[in-house]
Structure formats: structure tokens, C-alpha cells
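Colleague: Quick one, query34.cif (mmCIF, C-alpha atoms):
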```
data_model
#
loop_
_atom_site.label_atom_id
_atom_site.label_comp_id
_atom_site.auth_asym_id
_atom_site.auth_seq_id
_atom_site.Cartn_x
_atom_site.Cartn_y
_atom_site.Cartn_z
CA MET A 189 23.35 21.81 29.02
CA GLY A 190 26.88 22.72 27.86
CA THR A 191 27.87 23.86 24.39
CA ARG A 192 29.32 20.97 22.37
CA LEU A 193 32.87 22.00 21.50
CA SER A 194 35.68 19.81 20.22
CA HIS A 195 39.31 20.28 19.22
CA ASN A 196 39.76 23.03 21.85
CA LEU A 197 37.27 25.26 20.03
CA THR A 198 35.85 28.44 21.47
CA VAL A 199 32.32 29.79 21.20
CA ASN A 200 33.70 32.36 18.77
CA ASP A 201 35.06 29.58 16.52
CA VAL A 202 31.63 27.98 16.38
CA GLU A 203 29.80 31.22 15.70
CA LYS A 204 32.24 32.20 12.94
CA LEU A 205 31.71 28.87 11.20
CA GLU A 206 27.93 29.23 11.50
CA VAL A 207 28.21 32.59 9.72
CA VAL A 208 30.40 31.04 7.00
CA CYS A 209 27.80 28.33 6.43
CA SER A 210 25.03 30.93 6.26
CA ARG A 211 26.97 32.96 3.68
CA ALA A 212 27.51 29.79 1.64
CA TRP A 213 23.73 29.18 1.58
CA PRO A 214 22.39 32.70 0.99
CA PRO A 215 18.71 33.47 1.50
CA VAL A 216 16.77 35.70 -0.84
CA VAL A 217 16.10 38.18 1.97
CA GLU A 218 18.38 38.69 4.96
CA GLU A 219 17.94 41.31 7.67
CA PRO A 220 20.16 41.87 10.71
CA LEU A 221 18.77 41.63 14.22
CA GLY A 222 21.83 42.76 16.14
CA GLN A 223 24.24 39.94 15.26
CA TRP A 224 21.38 37.54 14.53
CA ARG A 225 20.25 37.10 10.91
CA LEU A 226 16.64 36.95 9.80
CA ARG A 227 16.39 34.86 6.61
CA TRP A 228 13.76 34.10 3.97
CA ALA A 229 13.92 32.06 0.77
CA GLU A 230 10.30 31.24 -0.04
CA GLY A 231 10.38 28.22 2.29
CA PHE A 232 13.30 26.48 0.54
CA THR A 233 15.24 24.78 3.39
CA GLY A 234 15.31 25.56 7.08
CA ARG A 235 18.76 27.11 6.84
CA ALA A 236 17.49 29.85 4.51
CA ASN A 237 14.15 30.38 6.28
CA SER A 238 15.06 30.70 9.95
CA ALA A 239 16.79 33.22 12.15
CA LEU A 240 20.44 32.37 12.69
CA ALA A 241 20.73 33.05 16.42
CA VAL A 242 24.45 33.47 17.02
CA GLY A 243 26.05 36.37 18.80
CA ASP A 244 24.16 39.20 20.49
CA ALA A 245 20.71 40.13 19.18
CA GLY A 246 21.04 43.53 20.85
CA ARG A 247 17.88 43.01 22.94
CA ASP A 248 16.53 40.44 25.36
CA ALA A 249 15.47 37.05 24.02
CA PRO A 250 11.67 37.57 24.18
CA THR A 251 11.96 40.83 22.24
CA ALA A 252 14.31 39.26 19.69
CA LEU A 253 12.02 36.27 19.23
CA ALA A 254 9.04 38.57 18.76
CA ALA A 255 10.96 40.18 15.89
CA VAL A 256 11.64 36.70 14.46
CA CYS A 257 7.90 36.02 14.58
CA ASP A 258 7.03 39.32 12.90
CA PHE A 259 9.56 38.71 10.11
CA ALA A 260 8.28 35.18 9.49
CA HIS A 261 4.59 36.06 9.61
CA ALA A 262 5.11 38.93 7.16
CA ARG A 263 6.61 36.42 4.71
CA ALA A 264 4.27 33.49 5.33
CA ILE A 265 6.87 31.06 6.70
CA PRO A 266 6.83 29.27 10.08
CA PRO A 267 8.86 31.17 12.69
CA ALA A 268 12.07 29.30 13.54
CA VAL A 269 15.51 29.91 14.97
CA GLN A 270 18.71 27.99 14.27
CA VAL A 271 20.86 27.89 17.41
CA VAL A 272 24.06 26.14 18.42
CA GLU A 273 23.23 23.19 20.63
CA GLY A 274 23.86 23.94 24.31
CA SER A 275 24.71 27.60 23.66
CA GLU A 276 23.74 30.63 25.70
CA GLN A 277 21.33 31.57 22.92
CA GLU A 278 19.64 28.17 23.05
CA ARG A 279 19.12 28.45 26.79
CA ALA A 280 17.58 31.88 26.32
CA VAL A 281 15.28 30.61 23.56
CA ALA A 282 14.13 27.73 25.76
CA ALA A 283 13.56 30.07 28.72
CA ALA A 284 11.36 32.24 26.48
CA GLY A 285 8.96 29.33 25.99
CA TRP A 286 10.09 28.09 22.58
CA ARG A 287 10.46 24.36 21.88
CA GLU A 288 12.64 22.10 19.77
CA GLN A 289 11.19 21.96 16.27
CA VAL A 290 11.10 18.16 16.18
CA GLU A 291 8.74 18.17 13.20
CA HIS A 292 11.40 19.75 10.96
CA ALA A 293 11.26 17.64 7.80
CA ALA A 294 14.99 17.26 7.25
CA GLY A 295 15.78 16.63 10.94
CA HIS A 296 15.93 19.33 13.58
CA ARG A 297 19.29 18.30 15.09
CA VAL A 298 22.27 18.79 12.80
CA SER A 299 25.94 17.88 13.06
CA VAL A 300 28.39 20.34 11.53
CA LEU A 301 31.36 18.37 10.21
CA THR A 302 34.76 19.65 9.13
CA GLY A 303 37.90 18.12 7.73
CA PRO A 304 40.91 18.71 5.47
CA LEU A 305 40.26 18.50 1.75
CA PRO A 306 41.52 15.16 0.38
CA SER A 307 43.92 15.13 -2.55
CA ARG A 308 42.84 11.93 -4.31
CA PRO A 309 41.97 12.55 -7.99
CA ALA A 310 38.56 11.67 -9.38
CA PRO A 311 38.93 11.54 -13.19
CA GLU A 312 35.43 10.11 -13.64
CA ALA A 313 33.71 13.16 -12.06
CA ASP A 314 33.64 16.84 -12.99
CA VAL A 315 32.76 20.19 -11.49
CA LEU A 316 30.80 22.49 -13.80
CA ASP A 317 30.70 26.28 -13.81
CA GLU A 318 26.97 26.26 -14.58
CA PRO A 319 24.26 23.84 -13.43
CA THR A 320 22.52 21.64 -15.99
CA PRO A 321 18.85 20.56 -15.97
CA GLN A 322 19.95 17.06 -14.83
CA TRP A 323 21.97 18.61 -11.99
CA TRP A 324 18.91 20.57 -10.88
CA GLU A 325 16.74 17.48 -11.13
CA LEU A 326 19.01 15.58 -8.76
CA THR A 327 19.54 18.39 -6.27
CA VAL A 328 16.06 19.99 -6.08
CA GLY A 329 13.87 17.37 -7.76
CA LYS A 330 13.05 19.20 -10.99
CA PRO A 331 14.97 20.34 -14.08
CA GLU A 332 14.09 24.02 -13.63
CA PRO A 333 14.38 25.52 -10.12
CA SER A 334 12.24 28.26 -8.66
CA VAL A 335 13.65 31.76 -8.40
CA ALA A 336 14.36 31.23 -4.69
CA GLU A 337 16.01 27.84 -5.24
CA ARG A 338 18.23 29.28 -7.95
CA HIS A 339 19.21 32.18 -5.71
CA VAL A 340 20.15 29.97 -2.76
CA MET A 341 21.95 27.35 -4.83
CA ALA A 342 23.65 29.48 -7.49
CA THR A 343 24.77 32.63 -5.67
CA GLY A 344 28.45 33.10 -4.84
CA LYS A 345 31.53 31.09 -5.80
CA VAL A 346 29.75 27.82 -6.53
CA GLY A 347 30.83 24.58 -8.21
CA TYR A 348 28.36 22.02 -9.53
CA GLY A 349 29.78 18.53 -9.11
CA VAL A 350 28.56 15.82 -11.46
CA VAL A 351 29.40 12.19 -12.13
CA THR A 352 28.10 10.44 -15.24
CA ALA A 353 27.16 6.79 -15.74
CA ASP A 354 25.41 5.14 -18.68
CA GLY A 355 25.12 8.50 -20.41
CA VAL A 356 23.20 10.29 -17.65
CA THR A 357 24.07 12.46 -14.68
CA ALA A 358 24.11 9.79 -11.99
CA GLY A 359 25.34 11.91 -9.08
CA ALA A 360 25.49 15.57 -8.17
CA VAL A 361 26.66 17.85 -5.37
CA ARG A 362 26.95 21.57 -4.67
CA GLY A 363 30.05 23.27 -3.31
CA ALA A 364 30.52 26.92 -2.32
CA VAL A 365 33.79 28.55 -1.26
CA VAL A 366 33.63 31.12 1.56
CA ASP A 367 36.65 32.39 3.52
CA GLY A 368 38.80 29.34 2.78
CA TRP A 369 36.03 26.84 3.51
CA LEU A 370 34.36 24.57 0.98
CA HIS A 371 30.71 24.24 2.01
CA VAL A 372 29.23 20.98 0.67
CA ALA A 373 25.50 20.42 0.22
CA ARG A 374 22.79 18.56 -1.74
CA LEU A 375 24.79 15.42 -2.46
CA ALA A 376 22.54 13.04 -4.41
CA VAL A 377 22.96 9.82 -6.41
CA ARG A 378 20.20 8.28 -8.53
CA PRO A 379 18.87 5.14 -6.80
CA GLU A 380 19.82 2.83 -9.67
CA PHE A 381 23.46 3.95 -9.47
CA ARG A 382 24.00 3.75 -5.71
CA ARG A 383 26.65 1.57 -4.05
CA ARG A 384 29.10 2.13 -6.90
CA GLY A 385 31.27 4.70 -5.14
CA LEU A 386 29.87 7.58 -7.21
CA ALA A 387 29.20 9.79 -4.17
CA THR A 388 32.84 9.49 -3.14
CA SER A 389 34.01 10.21 -6.68
CA VAL A 390 32.03 13.40 -7.05
CA LEU A 391 33.13 14.57 -3.60
CA TYR A 392 36.80 14.06 -4.52
CA ALA A 393 36.24 16.10 -7.67
CA LEU A 394 34.57 18.84 -5.64
CA ALA A 395 37.47 18.82 -3.15
CA ALA A 396 39.95 19.38 -6.01
CA TRP A 397 37.81 22.26 -7.29
CA GLY A 398 37.68 23.72 -3.77
CA ARG A 399 41.47 23.63 -3.39
CA ALA A 400 41.86 25.29 -6.79
CA ASN A 401 39.59 28.08 -5.56
CA GLY A 402 41.35 28.75 -2.27
CA ALA A 403 39.66 26.36 0.17
CA GLN A 404 41.70 24.38 2.69
CA GLN A 405 38.92 22.54 4.54
CA TRP A 406 35.37 21.50 3.89
CA VAL A 407 32.33 21.91 6.07
CA LEU A 408 29.08 19.97 5.91
CA GLN A 409 25.78 20.23 7.78
CA VAL A 410 24.24 16.77 8.21
CA ALA A 411 21.09 15.79 10.11
CA LEU A 412 21.89 13.42 12.97
CA ASP A 413 19.44 10.83 11.65
CA ASN A 414 21.21 10.69 8.26
CA THR A 415 23.52 7.90 9.35
CA GLY A 416 24.59 7.00 5.81
CA ALA A 417 25.89 10.50 5.09
CA LEU A 418 27.60 10.72 8.48
CA ALA A 419 29.42 7.43 7.77
CA LEU A 420 30.45 8.60 4.30
CA TYR A 421 31.91 11.86 5.54
CA SER A 422 33.62 10.17 8.46
CA ALA A 423 35.36 7.86 5.97
CA LEU A 424 36.57 10.99 4.16
CA GLY A 425 38.23 12.29 7.33
CA CYS A 426 35.53 14.61 8.66
CA THR A 427 34.80 14.98 12.37
CA GLU A 428 32.10 16.81 14.28
CA HIS A 429 32.84 20.48 14.93
CA HIS A 430 29.57 21.29 16.74
CA ARG A 431 25.84 20.78 16.49
CA TYR A 432 22.86 23.05 16.02
CA ARG A 433 19.11 22.70 16.45
CA TYR A 434 15.98 24.33 15.12
CA TRP A 435 13.53 25.76 17.64
CA GLY A 436 10.00 27.00 17.03
CA PRO A 437 7.43 28.90 19.10
CA GLY A 438 5.68 27.25 22.00
CA PRO A 439 1.97 27.79 22.78
CA ARG A 440 1.00 31.47 22.79
CA THR A 441 4.61 32.65 22.33
CA CYS A 442 4.28 33.83 18.73
CA GLU A 443 0.80 35.02 17.86
CA ASP A 444 0.22 36.12 14.27
CA PRO A 445 -1.52 39.53 14.46
CA GLN A 446 -3.26 38.80 11.15
CA SER A 447 -4.87 35.57 12.36
#
```
Could you rewrite the structure in this file as C-alpha cells?

Modeller:
Amino acid sequence: MGTRLSHNLTVNDVEKLEVVCSRAWPPVVEEPLGQWRLRWAEGFTGRANSALAVGDAGRDAPTALAAVCDFAHARAIPPAVQVVEGSEQERAVAAAGWREQVEHAAGHRVSVLTGPLPSRPAPEADVLDEPTPQWWELTVGKPEPSVAERHVMATGKVGYGVVTADGVTAGAVRGAVVDGWLHVARLAVRPEFRRRGLATSVLYALAAWGRANGAQQWVLQVALDNTGALALYSALGCTEHHRYRYWGPGPRTCEDPQS
């Protein structure tokens, strides 16, 4: 099982980008485990509620995974690790008896896409400095987010892309700038407004905002079974940088001491 690398990338390139993506999607609580990161955000998304297993945990894999379990159990979330597909860390996690978390609701295998920011203008879309109730409704499913959702989505240098049709917010997207990267997430278009090119419009507007705030490239994390999104981003010039997977405990590998 070899690490998926393209464009003459190194393991260090992949791990650095994973850290950028984690900083662009900040959990409410984050604790270091060597170079790994233990993350909690009240269960809002796998990325903010799993251990990012890149680099050296500073201990052997079973001991590190036991710490992942303790952290998760103390915060009432399922223990999980996010690891680069085919990496040394993934092999160690598998050898410790953990399994691919195939039940992960949003898809446990994820493609990390990158590409240059396009320069096409999008006059019909905007990027707001503050999210509106309609933006929240599209991106998290309700007009007022929880404390954890607001923390994850609104912390850092963030732009809130919107496109309007028939007097309502028809499309929305979140962008966060970290170290010259524009991290794109939560793209959504209301069902009645789909197939009108609104997703592309709001992404072009977000790209312009990203360039104005120092980004040169964008990065997106897309589940492999989300074929529509993969096709959209491919049409915008994005290619796969690497993949990651979520892993969870196998039988008797992560006992909760309180159970």
C-alpha cells in the first residue's frame, strides 16, 4: 500500500497541506499528541472531531491510539483518526487493529484537490465579511448555528460567498485563507436553483476574494463518492493532490473505561 503522491510531491508536502487544511477548519478544542492533533468540536464534522495523524506522535501507534480513545471518550465523540491514504501512519493504525471507518456519514475516503485560483470575474456573486442567517441555513441547515459550528466555520480569515437569485440566497460557500492557500468548504445551492451555474459563479467570486487576501491556490477536501463535486472542481482546473481516510477502533481496541 503506497502513499498516493502526484506532481513529484513528498510526504512532507502532503503533511504540510493536511496541517493547513486543519488550521482552516479549526476545532473548538485541539491538543497535541507529538505532531498529531487531537480535535473536538461537539461532533460537528469528522475533520474537527478526529485525530489528525500526520508526522510523529512521539510514541508507538498503540499508545498513541489509546490516547486518541481517551480524548474521544472524555468528550463523548466516537474515536477516529484521519490519516493520509497509504502512509506510514495508516499502516501503523491498521497494524494496531483499527479499521476503515466505512460508516462515516460524509464518506470515509476523501480526495484532497488543489489548483491555481482562476481569474474569471463573477459580478453576480459576492463574498461577505459576516455570515447571514440565509448563509448559515444553506451551509449548516439552520439560520442560527451552534457555538461549535460558529467556531469551526467563522474562526480565522474567512469569506462567506453568496449568490442571489429571485431575491433569496440561492448559493453559498465558505473560504478560509491559510499560508497562501484558499480552503474551500460547504458549497451549497438550493435545489430549486441548481443547474444554473450558480455554484461556479460563487466559486469564482470566492477565488477573487482569496487572491485579494494573499492566496495563490485553492484546496478542497471532497469525498470520493461525491462525483458531482469532483467533476465541478476538475472543470475549474483542480487535480488530486493526495487522499486521506478515516479509521476507527476495531473490536476490543478502544474500551471506554466508563462503560

Colleague: Between A:Leu424, A:Leu240, A:Leu226, A:Val202, single out the one closest to A:Val300, counting all atoms listed in the file.

Modeller: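 Looking at the shortest contact to A:Val300, the residue is A:Val202.
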
Colleague: With all atoms listed in the file as the counted atoms, please give the residues lying no more than 9 Å from stretch 326-330 of chain A, apart from itself and same-chain residues fewer than 6 positions off, as number ranges by chain.

Modeller: A: 337, 357-362, 374-378

Colleague: Between atom CA of A:Trp369 and atom CA of A:Ala212, measure the distance and give it in Å to one decimal.

Modeller: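 Spanning atom CA of A:Trp369 to atom CA of A:Ala212 is a straight-line distance of 9.2 Å.
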
Colleague: Give as a list in words the residues that the PyMOL selection byres ((chain A and resi 291) around 12) matches when applied to the coordinates above.

Modeller: Gly234, Pro266, Ala268, Arg287, Glu288, Gln289, Val290, His292, Ala293, Ala294, Gly295, His296, Arg297, Arg433, Tyr434, Trp435 and Gly436 of chain A

Colleague: So how far away is atom CA of A:Val242 from atom CA of A:Arg279, in Å?

Modeller: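 Atom-to-atom, atom CA of A:Arg279 and atom CA of A:Val242 are spaced 12.2 Å apart.
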
Colleague: Choose the residue, out of A:Ala245, A:Val271, A:Ala342, A:Ala283, that has the smallest atom-to-atom separation from A:Gly222; count all atoms listed in the file.

Modeller: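 Counting all atoms listed in the file, the residue closest to A:Gly222 is A:Ala245.
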
Colleague: I want to know what sits within 9 Å of A:Thr302, based on all atoms listed in the file, with residues of the same chain fewer than 3 positions away left out; could you give that as a PyMOL selection string?

Modeller: chain A and resi 405-408+425-429

Colleague: Return the single residue from A:Gly246, A:Ala373, A:Val350, A:Gln270 that is closest to A:Val298, with distances computed using all atoms listed in the file.

Modeller: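 Residue with the minimum atom-to-atom distance to A:Val298: A:Gln270.
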
Colleague: Would you kindly return, as a ChimeraX atom specification, each protein, DNA or RNA residue with an atom no farther than 8 Å from any atom of A:Ala336, considering only C-alpha atoms and excluding same-chain residues fewer than 4 positions away?

Modeller: /A:215-216,229-230,232,340

Colleague: Store the residues picked out above, limited to C-alpha atoms, as a PDB file, in the frame of the given file.

Modeller:
```pdb
ATOM      1  CA  PRO A 215      18.710  33.470   1.500  1.00  0.00           C
ATOM      2  CA  VAL A 216      16.770  35.700  -0.840  1.00  0.00           C
ATOM      3  CA  ALA A 229      13.920  32.060   0.770  1.00  0.00           C
ATOM      4  CA  GLU A 230      10.300  31.240  -0.040  1.00  0.00           C
ATOM      5  CA  PHE A 232      13.300  26.480   0.540  1.00  0.00           C
ATOM      6  CA  VAL A 340      20.150  29.970  -2.760  1.00  0.00           C
TER       7      VAL A 340
END
```

Colleague: Please return as an MDAnalysis selection string every residue within 12 Å of (25.3, 40.1, 18.2), taking into account all atoms listed in the file and the file's own coordinates.

Modeller: chainID A and resid 200 203:204 207 220:225 240:249 252 277

Colleague: Please evaluate the PyMOL selection byres ((chain A and resi 393) around 9) against the displayed coordinates and give the resulting residues as a ChimeraX atom specification.

Modeller: /A:308-315,349-350,388-392,394-398

Colleague: Write out the residues from the selection above, keeping C-alpha atoms, as an mmCIF file, in the coordinates of the input.

Modeller:
```
data_model
loop_
_atom_site.group_PDB
_atom_site.id
_atom_site.type_symbol
_atom_site.label_atom_id
_atom_site.label_comp_id
_atom_site.auth_asym_id
_atom_site.auth_seq_id
_atom_site.Cartn_x
_atom_site.Cartn_y
_atom_site.Cartn_z
ATOM 1 C CA ARG A 308 42.840 11.930 -4.310
ATOM 2 C CA PRO A 309 41.970 12.550 -7.990
ATOM 3 C CA ALA A 310 38.560 11.670 -9.380
ATOM 4 C CA PRO A 311 38.930 11.540 -13.190
ATOM 5 C CA GLU A 312 35.430 10.110 -13.640
ATOM 6 C CA ALA A 313 33.710 13.160 -12.060
ATOM 7 C CA ASP A 314 33.640 16.840 -12.990
ATOM 8 C CA VAL A 315 32.760 20.190 -11.490
ATOM 9 C CA GLY A 349 29.780 18.530 -9.110
ATOM 10 C CA VAL A 350 28.560 15.820 -11.460
ATOM 11 C CA THR A 388 32.840 9.490 -3.140
ATOM 12 C CA SER A 389 34.010 10.210 -6.680
ATOM 13 C CA VAL A 390 32.030 13.400 -7.050
ATOM 14 C CA LEU A 391 33.130 14.570 -3.600
ATOM 15 C CA TYR A 392 36.800 14.060 -4.520
ATOM 16 C CA LEU A 394 34.570 18.840 -5.640
ATOM 17 C CA ALA A 395 37.470 18.820 -3.150
ATOM 18 C CA ALA A 396 39.950 19.380 -6.010
ATOM 19 C CA TRP A 397 37.810 22.260 -7.290
ATOM 20 C CA GLY A 398 37.680 23.720 -3.770
#
```

Colleague: Record the distance separating atom CA of A:Leu420 and atom CA of A:Leu305, expressed in Å with one decimal.

Modeller: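 About the pair atom CA of A:Leu420 and atom CA of A:Leu305: they are 14.2 Å apart.
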
Colleague: Translate the PyMOL selection byres ((chain A and resi 320) around 10), as applied to the file shown, into an explicit residue set as a PyMOL selection string.

Modeller: chain A and resi 316-319+321-325+331-332+348+350+357

Colleague: Is it possible to get the axis-aligned box enclosing stretch 364-367 of chain A (all listed atoms, 4 Å extra per side) as AutoDock Vina command-line options, with centre and edge lengths in Å rounded to one decimal?

Modeller:
```
--center_x 33.6 --center_y 29.7 --center_z 0.6 --size_x 14.1 --size_y 13.5 --size_z 13.8
```

Colleague: Counting all atoms listed in the file, figure out which residue out of A:Lys345, A:Arg338, A:Arg440, A:His261 gets nearest to A:Val366.

Modeller: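 Result for the nearest residue to A:Val366: A:Lys345.
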
Colleague: Counting all atoms listed in the file, which of A:Gly385, A:Asn401, A:Arg235, A:Pro306 gets nearest to A:Val346?

Modeller: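 Answer, going by the shortest atom-to-atom distance: A:Asn401.
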
Colleague: Report as a list in words all protein, DNA and RNA residues lying within 10 Å of A:Ala254, evaluated on all atoms listed in the file, omitting residues in the same chain fewer than 6 positions from it.

Modeller: Ala260, Pro267, Pro437, Thr441, Cys442 and Glu443 of chain A

Colleague: Taking all atoms listed in the file into account, which of A:Gln404, A:Thr343, A:Ser299, A:Thr352 comes nearest A:Ala417?

Modeller: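 Checking each candidate against A:Ala417, we get A:Ser299 as the closest.
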